[in-house]
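Visitor: My questions will all concern the structure given below.
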Amino acid sequence: MNSASQPLLTLENITKRFKDLTAVNGINLEVSPGEKLVIIGPSGSGKSTLLRSINLLEEIDEGTIRFEGREVGYVMRHGKRHADRPQAISALRAEIGMVFQHFHLFPHMTVLGNVMEGPLTVQCKPADEARSIADGMLAKVGLSDKRDVFPATLSGGQKQRVAIARALAMHPKMMLFDEPTSALDPELVGEVFDAIHTLADEGMTMIIVTHHMGFARELADRVIFMDGGNFLAEGTPEELFSKGQDNERIRSFLNRLL
Amino acid sequence: MKYVSSRALVALFFLCTLAGTCRGAMDYDQLFRQSSDLMAQGDLDGALTLLKQVPAPAPGEDAGPFVSSRMQAARILASQEETDKALAACQEVLRLFPDNSEARNFVAALKDQLRPKWHTVLADTLRFLPALGRGAMMTLLLVLCTMLVSPLGGLLIALGRISTLRPVSGLCWFIIWFFRGTPLLLQLFFIYYGLPSLGITLSPMTAAVIGLGLNYSAYLGEIIRGAIQSIDHGQMEAAKAIGMSYGQAMRRVIIPQTYKRLMPPVGNEFIALIKDTALVSTIAMVELMRAADQLFNTYFNITALVLAAMIYLVLTTIFTFIFEKIEYRAGIYEQR
Ligand SMILES: Nc1ncnc2c1ncn2[C@@H]1O[C@H](COP(=O)(O)OP(=O)(O)O)[C@@H](O)[C@H]1O
Ligand SMILES: [Mg+2]
């Protein structure tokens, strides 16, 4: 494979409607291996829906998703689009890690149990192996000392780092972060960003939805501004955040944030 | 029959008159008649004084009037709750005639009255316990079988109800609708008495487990469905996001989180179940209720029913305690 030039993820004309509302409106996007893409935009602009569509948590109405060059998620049958077999959908999700705004840790499992759940149940690895993978991921996010406690005892920042470790334990080829710090107290945001930064430095491909412009500027190779289900503007952080931004909508959004 | 007995009465009357006229010294016949009259007027003490006048018989003399007078006196005294004096009157007879069965029986009855109440209750309890114990074991067996079957049935019904396959969810809706909407008693009758006409004959135990199992599966199905749907939707998404199938997510993530929420309502259902097993007594199964009923009908003794109530209370108390322990354990991860 000519992996150097080939995009890891390709979206063609992705459209998702909720009844009359078009949440994502014909989006085209290419993400190269190792790229860090930040998506910003006002609330309700379709950012979450786009991320969830990539992970096949939403069934899209139109468009094509390619991962590593192959078309995923949907098959044509009798000239109609259908969701692919559940096994195929699960297999793709296992290759794409996702981190949610509200963590969604499994409350009935310890921190270690949360992180080893993927390797254990999905990849059917022996418990010893799953545990050592999980220990490695917990060390990476700096939470080895919390391995045996239940999530209820953790701070928001710690919960989100466990959620990151849980996604990483599957050795995903790509990570999706949907506002990973929006539910956190301001003083806890830094530790989560640090964890994401470490991951970025290791070369992980990632799409991050965030409202923290400083973080976006620091991390992003490319920033996309989304509004009303469309990509309004796209460029390097410098281009998009520069004072000379000529789009009125983007300028007022940025001014409100800064 | 009437004719014969009235003839016997007439004969008895003649005999008595004959005896009375032969005696001479004292007209016992008149004495007894007088004492009866006094009793009828409510003058028991007067009657007693009269009866006491009958002397002990000399050797060889007819002892009949003496024994009758003392026994009559004993009955009067016993009715006045003068148990000691009644006993003394009986003893007078027994001193002369130790084998007199009337006196002996009366003494036994009096002593029985003297014995404390709890003594009789204890004796009854010991007498009834074996049968009630056997009944209680059947009840317990029935409860345990249903407790084993109905959560599994309930889980299947719950998963079926939330299934996106219309025939499956429709079938489960129907099961819940039917078994919650008709009396359990009717369901048991249908299974035990109705199915044989379709060529299916079941033992009372099998019919009971099927009936209770289906009924409680339907109830638990709704409870379990509610518990599953009350779990934050994000849990299913997070499970899917790491690549779990729907089944894996249910088994590993969603259902384990329902346990704590399930325990209070399921505990309630199972307590109701312990008492609902009493309905099974109507389909020829001898469990606790039926055993108590049989004892009550044989001995007309309320103790059997009181004991059954106590055994039901013991069972429900034990199970309540166990369910509370399980609920605490199931929710231990929520503690900070
Ligand atoms: N499950 C859903 N059902 C109906 N409407 C939805 C659903 N999810 C999202 N939407 C709508 O789609 C639009 C985009 O939502 P979302 O992707 O969550 O926006 P963002 O993440 O940018 O705030 C919003 O108007 C939202 O109300
Ligand atoms: Mg969102």
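Simple scheme: letters A, B, ... for chains in structure tokens order, numbers from 1 for residues in each chain, numbers from 1 for ligands in the order shown.
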Ala56 (chain B): which residues within 10 Å, counting only C-alpha atoms, same-chain residues fewer than 3 positions away excluded, as a ChimeraX atom specification?
Guide: /B:52-53,59,61-63,65-67,70,92-93,96
Visitor: Give me a file of those residues, with N, CA, C and O atoms, as a PDB file, in the first residue's frame.
Guide:
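To be explicit, this is the file written out as out28.pdb:
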ATOM      1  N   LYS B  52     -74.551 -33.263  98.969  1.00  0.00           N
ATOM      2  CA  LYS B  52     -73.585 -33.679  99.990  1.00  0.00           C
ATOM      3  C   LYS B  52     -74.238 -34.581 101.058  1.00  0.00           C
ATOM      4  O   LYS B  52     -73.558 -35.292 101.780  1.00  0.00           O
ATOM      5  N   GLN B  53     -75.590 -34.505 101.126  1.00  0.00           N
ATOM      6  CA  GLN B  53     -76.272 -35.292 102.152  1.00  0.00           C
ATOM      7  C   GLN B  53     -76.246 -36.800 101.875  1.00  0.00           C
ATOM      8  O   GLN B  53     -76.497 -37.601 102.763  1.00  0.00           O
ATOM      9  N   PRO B  59     -70.613 -51.140 103.242  1.00  0.00           N
ATOM     10  CA  PRO B  59     -70.192 -52.269 102.404  1.00  0.00           C
ATOM     11  C   PRO B  59     -71.387 -53.091 101.995  1.00  0.00           C
ATOM     12  O   PRO B  59     -72.287 -53.344 102.813  1.00  0.00           O
ATOM     13  N   GLU B  61     -73.793 -52.219 100.178  1.00  0.00           N
ATOM     14  CA  GLU B  61     -74.916 -51.358  99.793  1.00  0.00           C
ATOM     15  C   GLU B  61     -74.707 -50.818  98.378  1.00  0.00           C
ATOM     16  O   GLU B  61     -73.566 -50.733  97.916  1.00  0.00           O
ATOM     17  N   ASP B  62     -75.801 -50.424  97.705  1.00  0.00           N
ATOM     18  CA  ASP B  62     -75.716 -49.873  96.338  1.00  0.00           C
ATOM     19  C   ASP B  62     -74.967 -48.550  96.364  1.00  0.00           C
ATOM     20  O   ASP B  62     -75.335 -47.632  97.098  1.00  0.00           O
ATOM     21  N   ALA B  63     -73.909 -48.452  95.574  1.00  0.00           N
ATOM     22  CA  ALA B  63     -73.064 -47.249  95.583  1.00  0.00           C
ATOM     23  C   ALA B  63     -73.549 -46.208  94.580  1.00  0.00           C
ATOM     24  O   ALA B  63     -73.060 -45.089  94.554  1.00  0.00           O
ATOM     25  N   PRO B  65     -76.231 -44.066  94.051  1.00  0.00           N
ATOM     26  CA  PRO B  65     -76.598 -42.694  94.430  1.00  0.00           C
ATOM     27  C   PRO B  65     -75.395 -41.903  94.924  1.00  0.00           C
ATOM     28  O   PRO B  65     -75.258 -40.721  94.593  1.00  0.00           O
ATOM     29  N   PHE B  66     -74.518 -42.538  95.701  1.00  0.00           N
ATOM     30  CA  PHE B  66     -73.349 -41.830  96.212  1.00  0.00           C
ATOM     31  C   PHE B  66     -72.476 -41.321  95.073  1.00  0.00           C
ATOM     32  O   PHE B  66     -72.149 -40.133  94.995  1.00  0.00           O
ATOM     33  N   VAL B  67     -72.147 -42.244  94.154  1.00  0.00           N
ATOM     34  CA  VAL B  67     -71.274 -41.849  93.031  1.00  0.00           C
ATOM     35  C   VAL B  67     -71.945 -40.747  92.209  1.00  0.00           C
ATOM     36  O   VAL B  67     -71.336 -39.720  91.902  1.00  0.00           O
ATOM     37  N   ARG B  70     -71.790 -37.333  94.050  1.00  0.00           N
ATOM     38  CA  ARG B  70     -70.474 -36.676  94.075  1.00  0.00           C
ATOM     39  C   ARG B  70     -70.067 -36.168  92.681  1.00  0.00           C
ATOM     40  O   ARG B  70     -69.507 -35.099  92.528  1.00  0.00           O
ATOM     41  N   GLU B  92     -63.292 -38.355  96.588  1.00  0.00           N
ATOM     42  CA  GLU B  92     -64.172 -39.107  97.500  1.00  0.00           C
ATOM     43  C   GLU B  92     -64.633 -40.402  96.847  1.00  0.00           C
ATOM     44  O   GLU B  92     -64.629 -41.462  97.483  1.00  0.00           O
ATOM     45  N   VAL B  93     -65.016 -40.285  95.563  1.00  0.00           N
ATOM     46  CA  VAL B  93     -65.460 -41.469  94.827  1.00  0.00           C
ATOM     47  C   VAL B  93     -64.308 -42.435  94.619  1.00  0.00           C
ATOM     48  O   VAL B  93     -64.422 -43.649  94.869  1.00  0.00           O
ATOM     49  N   LEU B  96     -63.140 -44.834  97.446  1.00  0.00           N
ATOM     50  CA  LEU B  96     -63.909 -46.074  97.615  1.00  0.00           C
ATOM     51  C   LEU B  96     -63.838 -46.960  96.369  1.00  0.00           C
ATOM     52  O   LEU B  96     -63.772 -48.168  96.464  1.00  0.00           O
TER      53      LEU B  96
END
Visitor: Give me the residues near Ser69 (chain B) as an MDAnalysis selection string, where near means some atom within 12 Å (using only C-alpha atoms) and where sequence neighbours in that chain fewer than 3 positions away do not count.
Guide: chainID B and resid 28:29 31:33 35:36 47:57 63:66 72:76 89:90 92:93 103
Visitor: Counting only C-alpha atoms, which residues from chain A have an atom at most 6 Å from any atom of chain B, and could you show them as a ChimeraX atom specification?
Guide: /A:90,93-94,104,108,118,122,150,152-153
Visitor: Any chance you could export the current selection's all heavy atoms as a compact mmCIF listing (two decimals), in the first residue's frame?
Guide:
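File result.txt, as written:
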# COMPACT_ATOMS: atom_id res chain seq x y z
N SER A 90 -18.60 -3.21 14.44
CA SER A 90 -17.84 -3.29 15.68
C SER A 90 -16.34 -3.29 15.40
O SER A 90 -15.56 -2.68 16.13
CB SER A 90 -18.22 -4.55 16.46
OG SER A 90 -19.54 -4.44 16.92
N ARG A 93 -15.16 0.20 14.77
CA ARG A 93 -15.15 0.99 16.01
C ARG A 93 -13.95 0.63 16.88
O ARG A 93 -13.40 1.47 17.58
CB ARG A 93 -16.42 0.76 16.80
CG ARG A 93 -17.65 1.41 16.17
CD ARG A 93 -18.83 1.21 17.08
NE ARG A 93 -20.06 1.67 16.46
CZ ARG A 93 -21.20 1.02 16.50
NH1 ARG A 93 -21.26 -0.15 17.13
NH2 ARG A 93 -22.28 1.51 15.94
N ALA A 94 -13.57 -0.66 16.84
CA ALA A 94 -12.43 -1.09 17.65
C ALA A 94 -11.15 -0.42 17.17
O ALA A 94 -10.18 -0.29 17.92
CB ALA A 94 -12.28 -2.61 17.59
N HIS A 104 -18.38 8.72 30.35
CA HIS A 104 -19.05 7.42 30.23
C HIS A 104 -18.17 6.26 30.65
O HIS A 104 -18.11 5.23 29.98
CB HIS A 104 -19.54 7.19 28.79
CG HIS A 104 -20.51 8.23 28.33
ND1 HIS A 104 -21.47 8.78 29.16
CD2 HIS A 104 -20.65 8.84 27.13
CE1 HIS A 104 -22.17 9.66 28.48
NE2 HIS A 104 -21.69 9.73 27.26
N HIS A 108 -19.39 0.30 37.35
CA HIS A 108 -19.34 -0.93 38.15
C HIS A 108 -18.02 -1.65 38.03
O HIS A 108 -17.84 -2.72 38.60
CB HIS A 108 -20.48 -1.86 37.73
CG HIS A 108 -20.43 -2.22 36.28
ND1 HIS A 108 -20.46 -1.28 35.27
CD2 HIS A 108 -20.34 -3.42 35.65
CE1 HIS A 108 -20.40 -1.89 34.10
NE2 HIS A 108 -20.33 -3.18 34.31
N GLY A 118 -11.83 -3.59 26.99
CA GLY A 118 -11.74 -3.74 25.53
C GLY A 118 -10.88 -4.92 25.12
O GLY A 118 -11.37 -5.85 24.45
N VAL A 122 -13.48 -7.56 23.86
CA VAL A 122 -13.59 -7.38 22.41
C VAL A 122 -12.48 -8.15 21.68
O VAL A 122 -12.74 -8.83 20.69
CB VAL A 122 -13.52 -5.88 22.05
CG1 VAL A 122 -13.57 -5.69 20.55
CG2 VAL A 122 -14.64 -5.13 22.74
N PHE A 150 -12.90 2.60 42.21
CA PHE A 150 -14.03 2.74 41.30
C PHE A 150 -14.11 4.18 40.79
O PHE A 150 -13.69 5.11 41.49
CB PHE A 150 -15.33 2.35 42.00
CG PHE A 150 -15.50 0.88 42.19
CD1 PHE A 150 -15.34 0.30 43.44
CD2 PHE A 150 -15.78 0.05 41.11
CE1 PHE A 150 -15.47 -1.07 43.61
CE2 PHE A 150 -15.92 -1.31 41.27
CZ PHE A 150 -15.76 -1.88 42.52
N ALA A 152 -16.31 6.35 40.68
CA ALA A 152 -17.03 7.32 41.51
C ALA A 152 -16.10 8.12 42.42
O ALA A 152 -16.43 9.22 42.84
CB ALA A 152 -18.10 6.61 42.34
N THR A 153 -14.92 7.56 42.71
CA THR A 153 -14.01 8.24 43.64
C THR A 153 -13.08 9.21 42.92
O THR A 153 -12.29 9.88 43.59
CB THR A 153 -13.15 7.21 44.38
OG1 THR A 153 -12.34 6.51 43.43
CG2 THR A 153 -14.00 6.21 45.13
Visitor: Could you name the residues that touch Lys47 (chain A) at 10 Å or less, counting only C-alpha atoms, but leaving out those on the same chain fewer than 4 positions away, as a ChimeraX atom specification?
Guide: /A:23-24,39-43,51-53,178-179,208-210,225-231
Visitor: A:Ile133, A:Leu199, A:Leu57, A:Ile96: which is nearest ligand 1, counting only C-alpha atoms and all ligand atoms?
Guide: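 Smallest separation from ligand 1 among the options: A:Leu57.
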Visitor: Residues within 8 Å of region 119-121 of chain B, please, as a list in words. Count only C-alpha atoms; anything in the same chain fewer than 4 positions from it doesn't count.
Guide: Arg115, Thr125 and Thr303 of chain B
Visitor: With only C-alpha atoms as the counted atoms, please give the residues lying no more than 8 Å from region 78-88 of chain A, apart from itself and same-chain residues fewer than 5 positions off, as a PDB file with C-alpha atoms, in the first residue's frame.
Guide:
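What ended up in part-v1.pdb:
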ATOM      1  CA  GLU A  59     -26.235   5.968  10.632  1.00  0.00           C
ATOM      2  CA  VAL A  72     -16.755   1.079   5.680  1.00  0.00           C
ATOM      3  CA  GLY A  73     -20.052   0.944   7.509  1.00  0.00           C
TER       4      GLY A  73
ATOM      5  CA  SER B 245     -21.326  -5.958  20.104  1.00  0.00           C
TER       6      SER B 245
END
Visitor: Calculated over only C-alpha atoms and all ligand atoms, which of the candidates A:Ala183, A:Val189, A:Leu11, A:Leu254 has the smallest distance to ligand 2?
Guide: A:Ala183
Visitor: Quick one: DSSP alpha helix (DSSP H) residues in region 34-242 of chain B, as a PyMOL selection string?
Guide: chain B and resi 34-41+44-52+64-79+83-96+101-114+117-161+166-181+184-189+204-230+233-241
Visitor: Rounded to one decimal place, report the CA of Gly170 (chain B)-CA of Leu156 (chain B) distance in Å.
Guide: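 If I compute the distance from CA of Gly170 (chain B) to CA of Leu156 (chain B), I get 13.1 Å.
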Visitor: What residues in region 9-198 of chain A get the DSSP label strand (DSSP E)? Please answer as a PDB file with C-alpha atoms, in the first residue's frame.
Guide:
ATOM      1  CA  LEU A   9      -9.849   8.679   6.747  1.00  0.00           C
ATOM      2  CA  THR A  10     -11.835  10.030   3.841  1.00  0.00           C
ATOM      3  CA  LEU A  11     -15.338  11.453   4.102  1.00  0.00           C
ATOM      4  CA  GLU A  12     -17.277  12.073   0.924  1.00  0.00           C
ATOM      5  CA  ASN A  13     -20.505  14.024   0.964  1.00  0.00           C
ATOM      6  CA  ILE A  14     -21.501  12.917   4.493  1.00  0.00           C
ATOM      7  CA  THR A  15     -25.092  13.935   5.230  1.00  0.00           C
ATOM      8  CA  LYS A  16     -27.064  13.221   8.361  1.00  0.00           C
ATOM      9  CA  ARG A  17     -30.615  14.386   8.925  1.00  0.00           C
ATOM     10  CA  PHE A  18     -32.811  14.261  12.015  1.00  0.00           C
ATOM     11  CA  LEU A  21     -33.083  19.064  10.446  1.00  0.00           C
ATOM     12  CA  THR A  22     -29.881  18.523   8.481  1.00  0.00           C
ATOM     13  CA  ALA A  23     -27.257  18.152  11.207  1.00  0.00           C
ATOM     14  CA  VAL A  24     -24.383  17.365   8.838  1.00  0.00           C
ATOM     15  CA  ASN A  25     -24.676  18.690   5.330  1.00  0.00           C
ATOM     16  CA  GLY A  26     -22.565  17.028   2.641  1.00  0.00           C
ATOM     17  CA  ILE A  27     -19.203  17.141   4.387  1.00  0.00           C
ATOM     18  CA  ASN A  28     -15.994  16.213   2.533  1.00  0.00           C
ATOM     19  CA  LEU A  29     -12.827  15.628   4.521  1.00  0.00           C
ATOM     20  CA  GLU A  30      -9.479  13.879   4.290  1.00  0.00           C
ATOM     21  CA  VAL A  31      -7.374  13.111   7.345  1.00  0.00           C
ATOM     22  CA  LYS A  36      -4.130  16.518  14.270  1.00  0.00           C
ATOM     23  CA  LEU A  37      -7.379  18.090  13.192  1.00  0.00           C
ATOM     24  CA  VAL A  38      -9.352  20.461  15.422  1.00  0.00           C
ATOM     25  CA  ILE A  39     -13.000  21.238  14.723  1.00  0.00           C
ATOM     26  CA  ILE A  40     -14.530  24.339  16.263  1.00  0.00           C
ATOM     27  CA  GLU A  62     -25.827   9.922   2.373  1.00  0.00           C
ATOM     28  CA  GLY A  63     -22.137   9.755   1.647  1.00  0.00           C
ATOM     29  CA  THR A  64     -19.194   7.434   1.891  1.00  0.00           C
ATOM     30  CA  ILE A  65     -16.709   6.789   4.668  1.00  0.00           C
ATOM     31  CA  ARG A  66     -13.335   5.310   3.766  1.00  0.00           C
ATOM     32  CA  PHE A  67     -10.922   4.096   6.402  1.00  0.00           C
ATOM     33  CA  ARG A  70     -11.669   0.772   2.116  1.00  0.00           C
ATOM     34  CA  GLU A  71     -15.293   1.760   2.243  1.00  0.00           C
ATOM     35  CA  TYR A  74     -22.513   0.531   4.657  1.00  0.00           C
ATOM     36  CA  VAL A  75     -23.280  -1.926   1.908  1.00  0.00           C
ATOM     37  CA  MET A  76     -25.446  -1.662  -1.177  1.00  0.00           C
ATOM     38  CA  ARG A  77     -28.197  -4.246  -1.388  1.00  0.00           C
ATOM     39  CA  LYS A  80     -30.274   0.556  -1.473  1.00  0.00           C
ATOM     40  CA  ARG A  81     -27.837   1.578   1.257  1.00  0.00           C
ATOM     41  CA  HIS A  82     -27.891  -0.597   4.359  1.00  0.00           C
ATOM     42  CA  ALA A  83     -25.822  -0.623   7.525  1.00  0.00           C
ATOM     43  CA  ILE A  96     -11.138   4.165  16.141  1.00  0.00           C
ATOM     44  CA  GLY A  97     -10.956   5.349  19.745  1.00  0.00           C
ATOM     45  CA  MET A  98     -13.584   7.767  21.003  1.00  0.00           C
ATOM     46  CA  VAL A  99     -13.579  10.014  24.060  1.00  0.00           C
ATOM     47  CA  MET A 174      -7.176   7.080  15.202  1.00  0.00           C
ATOM     48  CA  MET A 175      -8.745   8.974  18.102  1.00  0.00           C
ATOM     49  CA  LEU A 176     -11.878  11.112  18.180  1.00  0.00           C
ATOM     50  CA  PHE A 177     -12.273  13.581  21.071  1.00  0.00           C
ATOM     51  CA  ASP A 178     -15.678  15.222  21.480  1.00  0.00           C
TER      52      ASP A 178
END
